[in-house]
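Listing of start.tsv; format and content: TSV, C-alpha atoms and all ligand atoms.
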chain	number	residue	atom	x	y	z
A	5	MET	CA	31.17	-260.74	-90.85
A	6	ALA	CA	31.01	-257.20	-89.43
A	7	LYS	CA	29.44	-254.61	-91.67
A	8	ILE	CA	31.75	-252.19	-93.49
A	9	ARG	CA	31.40	-248.77	-91.85
A	10	VAL	CA	31.17	-246.08	-94.52
A	11	GLY	CA	31.07	-242.27	-94.41
A	12	VAL	CA	30.16	-240.01	-97.33
A	13	ASN	CA	31.98	-236.69	-97.58
A	14	GLY	CA	30.04	-234.20	-99.76
A	15	TYR	CA	26.27	-234.67	-99.94
A	16	GLY	CA	25.55	-233.30	-103.42
A	17	THR	CA	24.39	-234.91	-106.66
A	18	ILE	CA	26.66	-237.97	-106.35
A	19	GLY	CA	27.05	-238.08	-102.55
A	20	LYS	CA	23.34	-238.26	-101.76
A	21	ARG	CA	22.92	-241.15	-104.19
A	22	VAL	CA	25.97	-242.99	-102.86
A	23	ALA	CA	24.53	-242.58	-99.33
A	24	SER	CA	21.15	-244.07	-100.33
A	25	ALA	CA	22.90	-246.97	-102.09
A	26	ILE	CA	25.10	-247.70	-99.03
A	27	ALA	CA	22.01	-247.65	-96.81
A	28	ALA	CA	20.48	-250.30	-99.10
A	29	GLN	CA	23.39	-252.80	-98.65
A	30	ASP	CA	23.17	-255.57	-96.06
A	31	ASP	CA	26.97	-255.68	-95.67
A	32	MET	CA	27.49	-251.93	-95.13
A	33	GLU	CA	26.55	-249.38	-92.49
A	34	LEU	CA	26.17	-245.69	-93.39
A	35	VAL	CA	27.87	-243.94	-90.46
A	36	GLY	CA	26.99	-240.47	-91.70
A	37	VAL	CA	27.24	-237.80	-94.38
A	38	THR	CA	28.85	-234.37	-94.40
A	39	LYS	CA	27.34	-231.01	-95.29
A	40	THR	CA	28.95	-227.59	-95.45
A	41	ARG	CA	25.72	-225.57	-95.13
A	42	PRO	CA	22.51	-226.12	-93.11
A	43	ASN	CA	20.31	-226.07	-96.22
A	44	PHE	CA	17.37	-228.21	-97.39
A	45	GLU	CA	19.67	-231.11	-98.30
A	46	ALA	CA	21.01	-231.19	-94.74
A	47	LEU	CA	17.44	-231.30	-93.42
A	48	THR	CA	16.48	-234.05	-95.88
A	49	ALA	CA	19.51	-236.12	-94.84
A	50	LEU	CA	18.42	-235.77	-91.19
A	51	SER	CA	14.86	-236.78	-92.06
A	52	LYS	CA	16.23	-239.96	-93.65
A	53	GLY	CA	17.91	-240.73	-90.33
A	54	TYR	CA	21.47	-239.99	-91.49
A	55	ASP	CA	23.90	-238.45	-89.01
A	56	LEU	CA	25.34	-235.12	-90.19
A	57	TYR	CA	29.02	-234.19	-89.81
A	58	VAL	CA	30.38	-230.77	-90.78
A	59	PRO	CA	33.73	-229.02	-91.28
A	60	GLU	CA	35.01	-227.60	-87.97
A	61	ASP	CA	34.64	-224.00	-89.24
A	62	ASN	CA	30.94	-224.56	-90.06
A	63	VAL	CA	29.78	-225.93	-86.69
A	64	ASP	CA	28.52	-222.52	-85.51
A	65	ALA	CA	26.40	-222.02	-88.66
A	66	PHE	CA	24.61	-225.34	-88.07
A	67	ASN	CA	24.12	-224.59	-84.36
A	68	ALA	CA	22.77	-221.11	-85.19
A	69	ALA	CA	20.31	-222.61	-87.70
A	70	GLY	CA	19.23	-225.23	-85.14
A	71	VAL	CA	20.25	-228.11	-87.42
A	72	LYS	CA	21.42	-231.07	-85.35
A	73	ILE	CA	24.91	-232.36	-86.08
A	74	ALA	CA	26.71	-235.47	-84.84
A	75	GLY	CA	30.16	-233.88	-84.96
A	76	THR	CA	32.90	-232.70	-87.28
A	77	ILE	CA	34.27	-234.45	-90.36
A	78	GLN	CA	37.24	-235.56	-88.24
A	79	ASP	CA	34.78	-237.11	-85.74
A	80	MET	CA	33.18	-239.08	-88.60
A	81	LEU	CA	36.57	-240.32	-89.77
A	82	LYS	CA	37.15	-241.89	-86.33
A	83	LYS	CA	34.07	-244.11	-86.83
A	84	VAL	CA	34.52	-245.39	-90.41
A	85	ASP	CA	36.55	-247.99	-92.29
A	86	ILE	CA	36.23	-246.13	-95.58
A	87	VAL	CA	35.02	-242.77	-96.82
A	88	VAL	CA	33.47	-242.09	-100.22
A	89	ASP	CA	34.61	-238.60	-101.16
A	90	CYS	CA	31.96	-236.85	-103.28
A	91	THR	CA	33.19	-233.29	-102.84
A	92	PRO	CA	33.57	-231.15	-105.98
A	93	GLY	CA	36.74	-231.99	-107.97
A	94	SER	CA	39.82	-230.10	-106.66
A	95	PHE	CA	39.44	-230.76	-102.91
A	96	GLY	CA	41.11	-234.12	-103.48
A	97	GLU	CA	44.62	-233.48	-102.20
A	98	TYR	CA	43.39	-231.70	-99.08
A	99	TYR	CA	41.06	-234.53	-98.12
A	100	ARG	CA	43.43	-237.32	-99.22
A	101	ASP	CA	45.90	-236.07	-96.60
A	102	MET	CA	43.16	-235.88	-93.96
A	103	TYR	CA	42.00	-239.47	-94.67
A	104	LYS	CA	45.58	-240.70	-94.63
A	105	GLU	CA	46.16	-239.11	-91.24
A	106	ALA	CA	42.95	-240.69	-89.91
A	107	GLY	CA	44.04	-244.09	-91.28
A	108	VAL	CA	40.88	-244.64	-93.32
A	109	LYS	CA	40.52	-245.88	-96.89
A	110	ALA	CA	39.04	-243.46	-99.43
A	111	ILE	CA	37.30	-243.51	-102.79
A	112	PHE	CA	37.40	-240.35	-104.92
A	113	GLN	CA	35.25	-239.46	-107.95
A	114	GLY	CA	35.97	-238.66	-111.57
A	115	GLY	CA	36.45	-234.92	-110.99
A	116	GLU	CA	39.85	-235.79	-109.49
A	117	ASP	CA	42.83	-236.89	-111.57
A	118	HIS	CA	44.00	-240.50	-111.73
A	119	SER	CA	47.31	-239.37	-110.25
A	120	LEU	CA	45.59	-238.53	-106.93
A	121	THR	CA	45.03	-242.22	-106.17
A	122	GLY	CA	47.18	-244.11	-108.72
A	123	ILE	CA	44.29	-246.59	-109.17
A	124	SER	CA	41.03	-246.01	-111.00
A	125	PHE	CA	37.99	-248.28	-110.79
A	126	ASN	CA	35.33	-249.80	-112.99
A	127	SER	CA	33.36	-252.89	-111.96
A	128	THR	CA	33.40	-254.52	-115.43
A	129	ALA	CA	36.99	-253.77	-116.39
A	130	ASN	CA	39.22	-253.88	-113.29
A	131	TYR	CA	37.41	-254.75	-110.03
A	132	SER	CA	40.40	-256.66	-108.66
A	133	GLU	CA	42.92	-253.79	-109.13
A	134	SER	CA	41.42	-252.00	-106.10
A	135	TRP	CA	41.50	-255.16	-103.94
A	136	GLY	CA	42.64	-254.08	-100.46
A	137	ALA	CA	43.76	-250.66	-101.77
A	138	GLN	CA	43.95	-247.64	-99.45
A	139	LEU	CA	42.87	-245.22	-102.20
A	140	SER	CA	40.96	-245.58	-105.45
A	141	ARG	CA	38.95	-243.42	-107.84
A	142	VAL	CA	35.66	-244.25	-109.55
A	143	VAL	CA	36.07	-242.75	-113.02
A	144	SER	CA	33.64	-240.13	-114.37
A	145	CYS	CA	30.14	-240.82	-115.66
A	146	ASN	CA	31.20	-240.67	-119.31
A	147	THR	CA	34.27	-242.85	-118.77
A	148	THR	CA	32.17	-245.39	-116.83
A	149	GLY	CA	29.76	-245.49	-119.78
A	150	LEU	CA	32.52	-246.09	-122.32
A	151	LEU	CA	34.17	-248.80	-120.21
A	152	ARG	CA	30.89	-250.68	-119.67
A	153	THR	CA	30.43	-251.22	-123.41
A	154	LEU	CA	33.90	-250.99	-124.98
A	155	TYR	CA	35.67	-253.34	-122.52
A	156	ARG	CA	33.65	-256.42	-123.50
A	157	ILE	CA	33.64	-255.50	-127.23
A	158	ASP	CA	37.43	-255.11	-127.09
A	159	LYS	CA	37.85	-258.46	-125.28
A	160	LYS	CA	35.95	-260.26	-128.03
A	161	LEU	CA	36.89	-258.28	-131.15
A	162	LYS	CA	40.03	-256.27	-130.30
A	163	ILE	CA	39.30	-252.62	-131.04
A	164	GLN	CA	41.94	-251.14	-133.39
A	165	ASN	CA	40.77	-247.60	-132.74
A	166	ALA	CA	37.70	-245.91	-131.32
A	167	PHE	CA	36.39	-242.43	-131.94
A	168	VAL	CA	33.68	-241.03	-129.68
A	169	THR	CA	31.76	-237.76	-129.76
A	170	ILE	CA	30.21	-236.87	-126.42
A	171	VAL	CA	27.15	-234.64	-126.44
A	172	ARG	CA	27.24	-233.44	-122.83
A	173	ARG	CA	24.39	-232.22	-120.66
A	174	ALA	CA	25.08	-228.57	-119.80
A	175	ALA	CA	24.03	-228.83	-116.12
A	176	ASP	CA	22.51	-231.31	-113.69
A	177	PRO	CA	18.74	-230.92	-113.09
A	178	GLY	CA	19.26	-229.36	-109.64
A	179	ASP	CA	21.80	-226.84	-110.95
A	180	SER	CA	20.53	-223.41	-112.03
A	181	LYS	CA	23.95	-221.78	-112.40
A	182	ASN	CA	25.64	-223.54	-115.32
A	183	GLY	CA	24.89	-223.49	-119.02
A	184	PRO	CA	24.63	-222.85	-121.89
A	185	ILE	CA	20.83	-222.63	-121.74
A	186	ASN	CA	20.75	-221.78	-125.42
A	187	GLY	CA	23.30	-222.99	-127.99
A	188	LEU	CA	25.86	-225.75	-128.43
A	189	GLU	CA	29.37	-225.30	-127.00
A	190	PRO	CA	32.21	-227.32	-128.54
A	191	SER	CA	35.13	-228.28	-126.27
A	192	VAL	CA	37.99	-226.64	-128.16
A	193	LYS	CA	40.81	-228.32	-126.22
A	194	LEU	CA	41.28	-231.43	-128.35
A	195	PRO	CA	41.23	-234.34	-128.15
A	196	THR	CA	39.17	-234.09	-124.94
A	197	HIS	CA	40.27	-235.64	-121.62
A	198	HIS	CA	37.75	-238.49	-121.86
A	199	GLY	CA	40.03	-240.70	-124.01
A	200	PRO	CA	42.99	-240.55	-121.58
A	201	ASP	CA	40.55	-241.19	-118.71
A	202	VAL	CA	39.37	-244.44	-120.37
A	203	GLN	CA	43.08	-245.29	-120.80
A	204	SER	CA	43.60	-244.97	-117.02
A	205	ILE	CA	41.85	-248.37	-116.93
A	206	MET	CA	42.38	-249.69	-120.51
A	207	PRO	CA	45.86	-248.27	-121.31
A	208	TRP	CA	46.10	-250.37	-124.49
A	209	LEU	CA	42.97	-248.88	-126.09
A	210	ASN	CA	43.49	-246.48	-128.99
A	211	ILE	CA	40.64	-244.03	-128.31
A	212	ASN	CA	40.05	-240.37	-129.15
A	213	THR	CA	37.18	-238.15	-128.14
A	214	MET	CA	35.53	-234.80	-128.88
A	215	ALA	CA	32.75	-233.18	-126.86
A	216	VAL	CA	29.94	-230.67	-127.30
A	217	LYS	CA	27.92	-229.17	-124.43
A	218	ALA	CA	24.20	-229.08	-125.22
A	219	SER	CA	21.26	-227.25	-123.62
A	220	THR	CA	19.86	-230.24	-121.76
A	221	THR	CA	20.03	-231.53	-118.17
A	222	LEU	CA	18.86	-235.11	-118.57
A	223	MET	CA	21.71	-237.25	-119.92
A	224	HIS	CA	24.88	-237.33	-121.98
A	225	LEU	CA	24.77	-239.02	-125.41
A	226	HIS	CA	27.76	-240.75	-127.05
A	227	THR	CA	28.19	-241.50	-130.73
A	228	VAL	CA	30.74	-244.30	-130.99
A	229	VAL	CA	32.69	-245.42	-134.06
A	230	ALA	CA	35.09	-248.33	-133.53
A	231	GLN	CA	37.28	-250.14	-136.01
A	232	LEU	CA	37.57	-253.80	-135.03
A	233	SER	CA	40.32	-256.32	-135.77
A	234	ARG	CA	38.05	-258.33	-138.06
A	235	GLU	CA	34.77	-258.12	-139.90
A	236	THR	CA	31.73	-258.93	-137.77
A	237	THR	CA	27.95	-258.64	-137.78
A	238	THR	CA	25.48	-256.37	-136.02
A	239	GLU	CA	24.00	-259.48	-134.34
A	240	GLU	CA	27.38	-260.51	-132.86
A	241	ILE	CA	27.79	-257.01	-131.36
A	242	LEU	CA	24.24	-257.09	-129.95
A	243	GLU	CA	25.03	-260.45	-128.30
A	244	ILE	CA	28.09	-258.90	-126.63
A	245	LEU	CA	26.14	-255.83	-125.51
A	246	ARG	CA	23.37	-258.05	-124.07
A	247	SER	CA	26.03	-259.74	-121.91
A	248	CYS	CA	27.48	-256.46	-120.54
A	249	PRO	CA	26.54	-255.78	-116.91
A	250	ARG	CA	24.57	-252.56	-116.37
A	251	VAL	CA	23.92	-252.00	-120.07
A	252	ARG	CA	20.28	-251.73	-121.17
A	253	LEU	CA	19.22	-252.11	-124.80
A	254	VAL	CA	16.20	-250.07	-125.90
A	255	LYS	CA	14.48	-249.66	-129.25
A	256	SER	CA	13.50	-246.40	-130.85
A	257	LYS	CA	10.58	-248.20	-132.50
A	258	ASP	CA	9.22	-248.93	-128.98
A	259	GLY	CA	8.93	-245.16	-128.47
A	260	ILE	CA	12.27	-244.50	-126.80
A	261	LYS	CA	13.55	-242.01	-129.34
A	262	THR	CA	15.32	-239.50	-127.09
A	263	THR	CA	16.91	-239.18	-123.66
A	264	ALA	CA	13.57	-237.72	-122.49
A	265	GLN	CA	11.88	-241.10	-122.96
A	266	VAL	CA	14.86	-242.91	-121.37
A	267	MET	CA	14.37	-240.88	-118.19
A	268	GLU	CA	10.59	-241.38	-118.40
A	269	LEU	CA	11.34	-245.13	-118.44
A	270	ALA	CA	13.45	-244.70	-115.28
A	271	ARG	CA	10.52	-242.90	-113.63
A	272	ASP	CA	8.13	-245.66	-114.73
A	273	LEU	CA	10.48	-248.28	-113.26
A	274	GLY	CA	10.05	-246.55	-109.89
A	275	ARG	CA	13.77	-246.15	-109.35
A	276	ASP	CA	15.10	-244.23	-106.36
A	277	ARG	CA	15.33	-240.55	-107.49
A	278	SER	CA	14.18	-241.79	-110.95
A	279	ASP	CA	17.75	-242.88	-111.68
A	280	MET	CA	18.87	-244.86	-114.74
A	281	TYR	CA	21.99	-246.66	-113.50
A	282	GLU	CA	22.45	-248.59	-116.74
A	283	ILE	CA	24.14	-247.32	-119.89
A	284	VAL	CA	21.39	-247.19	-122.49
A	285	VAL	CA	22.18	-248.39	-126.02
A	286	TRP	CA	19.72	-248.01	-128.90
A	287	GLU	CA	19.46	-251.55	-130.30
A	288	ASP	CA	18.13	-250.33	-133.64
A	289	GLY	CA	20.98	-247.79	-133.75
A	290	VAL	CA	23.75	-250.43	-133.65
A	291	LYS	CA	25.28	-251.04	-137.09
A	292	VAL	CA	28.31	-252.93	-138.37
A	293	VAL	CA	29.73	-252.30	-141.83
A	294	GLY	CA	32.65	-254.65	-142.53
A	295	ASP	CA	35.00	-254.19	-139.58
A	296	THR	CA	33.52	-250.84	-138.47
A	297	LEU	CA	31.01	-250.58	-135.64
A	298	TYR	CA	28.67	-247.63	-135.10
A	299	PHE	CA	26.36	-247.13	-132.13
A	300	TYR	CA	24.77	-244.58	-129.77
A	301	GLN	CA	24.63	-244.77	-125.98
A	302	ALA	CA	23.10	-242.52	-123.31
A	303	VAL	CA	24.59	-241.93	-119.86
A	304	HIS	CA	22.58	-240.76	-116.84
A	305	GLN	CA	25.36	-238.65	-115.37
A	306	GLU	CA	23.81	-238.38	-111.91
A	307	SER	CA	23.61	-242.12	-111.29
A	308	ASP	CA	25.64	-244.48	-113.51
A	309	VAL	CA	28.66	-244.32	-111.17
A	310	ILE	CA	26.62	-245.17	-108.04
A	311	PRO	CA	26.72	-249.01	-108.33
A	312	GLU	CA	30.45	-248.72	-109.19
A	313	ASN	CA	31.09	-246.91	-105.87
A	314	ILE	CA	29.39	-249.76	-103.97
A	315	ASP	CA	31.48	-252.41	-105.75
A	316	CYS	CA	34.63	-250.36	-105.19
A	317	ILE	CA	33.94	-250.34	-101.42
A	318	ARG	CA	33.70	-254.17	-101.46
A	319	SER	CA	36.92	-254.53	-103.46
A	320	MET	CA	38.93	-252.11	-101.30
A	321	CYS	CA	37.61	-253.61	-98.04
A	322	LYS	CA	38.21	-257.19	-99.30
A	323	ALA	CA	34.56	-258.07	-98.72
A	324	VAL	CA	33.75	-259.96	-101.93
A	325	GLN	CA	36.56	-261.30	-104.09
A	326	ASP	CA	34.61	-262.14	-107.21
A	327	ALA	CA	33.62	-259.07	-109.28
A	328	SER	CA	30.48	-260.66	-110.71
A	329	GLU	CA	29.29	-261.60	-107.20
A	330	SER	CA	29.60	-258.00	-105.99
A	331	VAL	CA	27.98	-256.66	-109.17
A	332	ALA	CA	25.03	-259.05	-108.73
A	333	LYS	CA	24.64	-258.10	-105.06
A	334	THR	CA	24.71	-254.37	-105.83
A	335	ASN	CA	22.34	-254.79	-108.78
A	336	ALA	CA	19.82	-256.70	-106.65
A	337	SER	CA	19.85	-253.95	-104.00
A	338	LEU	CA	19.25	-251.17	-106.55
A	339	GLY	CA	16.75	-252.95	-108.80
A	340	ILE	CA	19.12	-253.29	-111.76
A	341	PRO	CA	18.22	-256.39	-113.81
A	342	GLU	CA	20.87	-259.04	-114.50
A	343	ASN	CA	21.71	-259.60	-118.20
A	401	LIG	P1	27.93	-231.32	-106.23
A	401	LIG	O1	28.39	-229.92	-106.33
A	401	LIG	O2	26.54	-231.67	-106.62
A	401	LIG	O3	28.14	-231.85	-104.74
A	401	LIG	C1	29.31	-231.61	-104.02
A	401	LIG	C2	28.96	-231.56	-102.54
A	401	LIG	O4	30.16	-231.35	-101.78
A	401	LIG	C3	28.01	-230.43	-102.18
A	401	LIG	O5	27.03	-230.91	-101.29
A	401	LIG	C4	28.92	-229.40	-101.49
A	401	LIG	O6	28.20	-228.66	-100.52
A	401	LIG	C5	29.92	-230.31	-100.83
A	401	LIG	N1	31.19	-229.63	-100.53
A	401	LIG	C6	31.71	-228.54	-101.11
A	401	LIG	N2	32.89	-228.24	-100.54
A	401	LIG	C7	33.11	-229.15	-99.57
A	401	LIG	C8	34.13	-229.35	-98.63
A	401	LIG	N3	35.19	-228.53	-98.57
A	401	LIG	N4	34.02	-230.39	-97.76
A	401	LIG	C9	32.96	-231.21	-97.80
A	401	LIG	N5	31.95	-231.08	-98.69
A	401	LIG	C10	32.03	-230.05	-99.56
A	401	LIG	O7	29.00	-232.18	-107.06
A	401	LIG	P2	28.75	-233.59	-107.74
A	401	LIG	O8	28.16	-233.38	-109.09
A	401	LIG	O9	28.08	-234.50	-106.79
A	401	LIG	O10	30.26	-234.04	-107.99
A	401	LIG	C11	31.03	-234.67	-106.99
A	401	LIG	C12	32.14	-235.45	-107.66
A	401	LIG	O11	31.55	-236.45	-108.50
A	401	LIG	C13	33.07	-234.62	-108.57
A	401	LIG	O12	34.34	-235.20	-108.55
A	401	LIG	C14	32.44	-234.82	-109.93
A	401	LIG	O13	33.34	-234.60	-110.98
A	401	LIG	C15	32.01	-236.28	-109.84
A	401	LIG	N6	30.94	-236.68	-110.74
A	401	LIG	C16	29.88	-235.84	-111.00
A	401	LIG	C17	28.90	-236.27	-111.87
A	401	LIG	C18	27.75	-235.40	-112.25
A	401	LIG	O14	27.29	-235.46	-113.37
A	401	LIG	N7	27.21	-234.60	-111.36
A	401	LIG	C19	28.96	-237.53	-112.48
A	401	LIG	C20	30.03	-238.38	-112.14
A	401	LIG	C21	31.02	-237.94	-111.28

Exercise: express the given structure as structure tokens:
Amino acid sequence: MAKIRVGVNGYGTIGKRVASAIAAQDDMELVGVTKTRPNFEALTALSKGYDLYVPEDNVDAFNAAGVKIAGTIQDMLKKVDIVVDCTPGSFGEYYRDMYKEAGVKAIFQGGEDHSLTGISFNSTANYSESWGAQLSRVVSCNTTGLLRTLYRIDKKLKIQNAFVTIVRRAADPGDSKNGPINGLEPSVKLPTHHGPDVQSIMPWLNINTMAVKASTTLMHLHTVVAQLSRETTTEEILEILRSCPRVRLVKSKDGIKTTAQVMELARDLGRDRSDMYEIVVWEDGVKVVGDTLYFYQAVHQESDVIPENIDCIRSMCKAVQDASESVAKTNASLGIPEN
């Protein structure tokens, strides 16, 4: 079967990781990536052997800087079957129209609204809903994290209601503009948008969320409280969590007490860009009291959605019908262990 030809529009935090992951697949070809400015990321992309495409208005800036380009974004669209759009949220409508005109499929990210595509994607919860679709959206890092754990718990124990507090990283590690760098900032618009975003894939789930921005760049942390339809045990929940794809259980008594040690583990594992693709749950922080479940999970915002983008490409391009087959293939390519 011919390889799926993929372009990545927007080579930032998410786009550069999606590009590396595509390059690691044996059933995909990375046609190129786009950059708006001839900066160090453009030069690094070139050094990796990726072709660079740029907006028409920016061609002169690249030529003046002597940075080699392969053409414009429109030129890239002529060569691909599908584009993974990793531009900052809010460019969605503009690019959706451009992709439509070029006749290529497109995946957007969680910064765009569900209404842009009408379909949202998560490998565990709804792989088949994007089968053959022209447009889809991989939900945000936090929503991906919640779906990875809550979907399987809900399937087994029917969640009556879930309440999640999200302690959010203030900025990504490569970002020196955002904050706060000192203090905690509550999201005062309540409940936060994360609950409705989970409902874009699990519309039946009664879930509410609050969020606090914290002075850290490493990861988000969720505190989850879920009321289940019956009494259960901590061990039954741990069994479910052990079966969830891309969920990693760690123990605080093994020395992983904070998100700092989680990311040190990712570095020790030798992951590309030191990424932790899995949602990390503290095994000794899972507790059931009667029918109420309490646990903590950490989300590496820069990377948890990357394997989801790869699976979404396979679903939309009708490459692999079975979700677990695509998940296993993606996991093997990125060094994510099977549960
Ligand atoms: P980013 O700012 O790191 O990268 C965006 C890239 O798009 C940059 O390289 C920028 O130069 C480029 N760009 C800007 N305008 C462009 C244009 N008009 N055309 C083409 N490229 C353009 O952003 P990011 O963090 O990678 O976020 C991308 C998307 O992924 C957003 O929807 C965001 O909400 C979502 N997302 C981000 C994270 C995260 O934590 N960073 C996690 C999950 C999902």

Of the listed residues A:Met32, A:Met80, A:Leu242, A:Val88, that which approaches Tyr15 of chain A most closely, counting all atoms listed in the file: A:Val88

Contacts of chain A with ligand LIG 401 (chain A) up to 6 Å, shortest pair per row, only C-alpha atoms and all ligand atoms, as a tab-separated table:
residue	atom	partner	partner_atom	distance
A:Asn13	CA	A:LIG401	C9	5.6
A:Gly14	CA	A:LIG401	O4	3.5
A:Tyr15	CA	A:LIG401	O5	4.1
A:Gly16	CA	A:LIG401	O3	3.2
A:Thr17	CA	A:LIG401	O9	3.7
A:Ile18	CA	A:LIG401	O9	3.8
A:Gly19	CA	A:LIG401	O9	5.6
A:Lys39	CA	A:LIG401	N5	5.7
A:Thr40	CA	A:LIG401	O6	5.2
A:Cys90	CA	A:LIG401	C11	4.4
A:Thr91	CA	A:LIG401	O4	3.8
A:Pro92	CA	A:LIG401	C13	4.4
A:Gly93	CA	A:LIG401	O12	4.0
A:Gln113	CA	A:LIG401	O12	4.4
A:Gly114	CA	A:LIG401	O13	4.9
A:Gly115	CA	A:LIG401	O13	3.1
A:Glu116	CA	A:LIG401	O12	5.6
A:Ser144	CA	A:LIG401	C20	4.6
A:Cys145	CA	A:LIG401	C20	4.3
A:Gln305	CA	A:LIG401	O14	4.2
A:Glu306	CA	A:LIG401	O14	4.8

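If you measure from each of A:Val309, A:Leu81, A:Val168, A:Val293 to Glu235 of chain A using only C-alpha atoms, the closest one turns out to be A:Val293.
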
Å distance separating atom CA of Val254 of chain A from atom CA of Ile163 of chain A, one decimal place: 23.8 Å

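Between atom CA of Thr76 of chain A and atom CA of Gln29 of chain A there is a distance of 25.0 Å.
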
Close residues, Met214 of chain A itself excluded, 10 Å, all atoms listed in the file, min 3 positions apart in chain, as an MDAnalysis selection string: chainID A and resid 167:171 190:199 226

Around all listed atoms of segment 18-30 of chain A, padded 5 Å per side, what centre and edge lengths does the axis-aligned box have in Å to one decimal, as JSON?
{"center_x": 23.8, "center_y": -246.8, "center_z": -101.2, "size_x": 16.6, "size_y": 27.6, "size_z": 20.3}

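Closest approach to Gln164 of chain A among A:Met5, A:Val229, A:Ala327, A:Ala106 is made by A:Val229 (distances from only C-alpha atoms).
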
Can you list, as a PDB file with C-alpha atoms, in the frame of the given file, every protein, DNA or RNA residue that comes within 12 Å of segment 59-63 of chain A when you count all atoms listed in the file, leaving out same-chain residues fewer than 3 positions away?
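What landed in result_21.pdb:
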ATOM      1  CA  ASN A  13      31.980-236.690 -97.580  1.00  0.00           C
ATOM      2  CA  GLY A  14      30.040-234.200 -99.760  1.00  0.00           C
ATOM      3  CA  VAL A  37      27.240-237.800 -94.380  1.00  0.00           C
ATOM      4  CA  THR A  38      28.850-234.370 -94.400  1.00  0.00           C
ATOM      5  CA  LYS A  39      27.340-231.010 -95.290  1.00  0.00           C
ATOM      6  CA  THR A  40      28.950-227.590 -95.450  1.00  0.00           C
ATOM      7  CA  ARG A  41      25.720-225.570 -95.130  1.00  0.00           C
ATOM      8  CA  PRO A  42      22.510-226.120 -93.110  1.00  0.00           C
ATOM      9  CA  LEU A  56      25.340-235.120 -90.190  1.00  0.00           C
ATOM     10  CA  PHE A  66      24.610-225.340 -88.070  1.00  0.00           C
ATOM     11  CA  ASN A  67      24.120-224.590 -84.360  1.00  0.00           C
ATOM     12  CA  ALA A  68      22.770-221.110 -85.190  1.00  0.00           C
ATOM     13  CA  ALA A  69      20.310-222.610 -87.700  1.00  0.00           C
ATOM     14  CA  GLY A  70      19.230-225.230 -85.140  1.00  0.00           C
ATOM     15  CA  VAL A  71      20.250-228.110 -87.420  1.00  0.00           C
ATOM     16  CA  LYS A  72      21.420-231.070 -85.350  1.00  0.00           C
ATOM     17  CA  ILE A  73      24.910-232.360 -86.080  1.00  0.00           C
ATOM     18  CA  ALA A  74      26.710-235.470 -84.840  1.00  0.00           C
ATOM     19  CA  GLY A  75      30.160-233.880 -84.960  1.00  0.00           C
ATOM     20  CA  THR A  76      32.900-232.700 -87.280  1.00  0.00           C
ATOM     21  CA  ILE A  77      34.270-234.450 -90.360  1.00  0.00           C
ATOM     22  CA  GLN A  78      37.240-235.560 -88.240  1.00  0.00           C
ATOM     23  CA  ASP A  79      34.780-237.110 -85.740  1.00  0.00           C
ATOM     24  CA  MET A  80      33.180-239.080 -88.600  1.00  0.00           C
ATOM     25  CA  LEU A  81      36.570-240.320 -89.770  1.00  0.00           C
ATOM     26  CA  TYR A  99      41.060-234.530 -98.120  1.00  0.00           C
ATOM     27  CA  MET A 102      43.160-235.880 -93.960  1.00  0.00           C
TER      28      MET A 102
END

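The smallest atom-to-atom distance between Ala174 of chain A and any of A:Asn186, A:Ser307, A:Ser134, A:Thr237, using all atoms listed in the file, is found for A:Asn186.
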
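From atom CA of Asp101 of chain A back to atom CA of Gly136 of chain A, the distance works out to 18.7 Å.
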
Option closest in space to Ser94 of chain A, from A:Phe112, A:Tyr57, A:Tyr281, A:Phe44 [counting all atoms listed in the file]: A:Phe112

Near-Glu239 of chain A list (9 Å; only C-alpha atoms; drop same-chain fewer than 3 positions) as JSON, numbers by chain: {"A": [236, 242, 243, 244, 291, 292]}
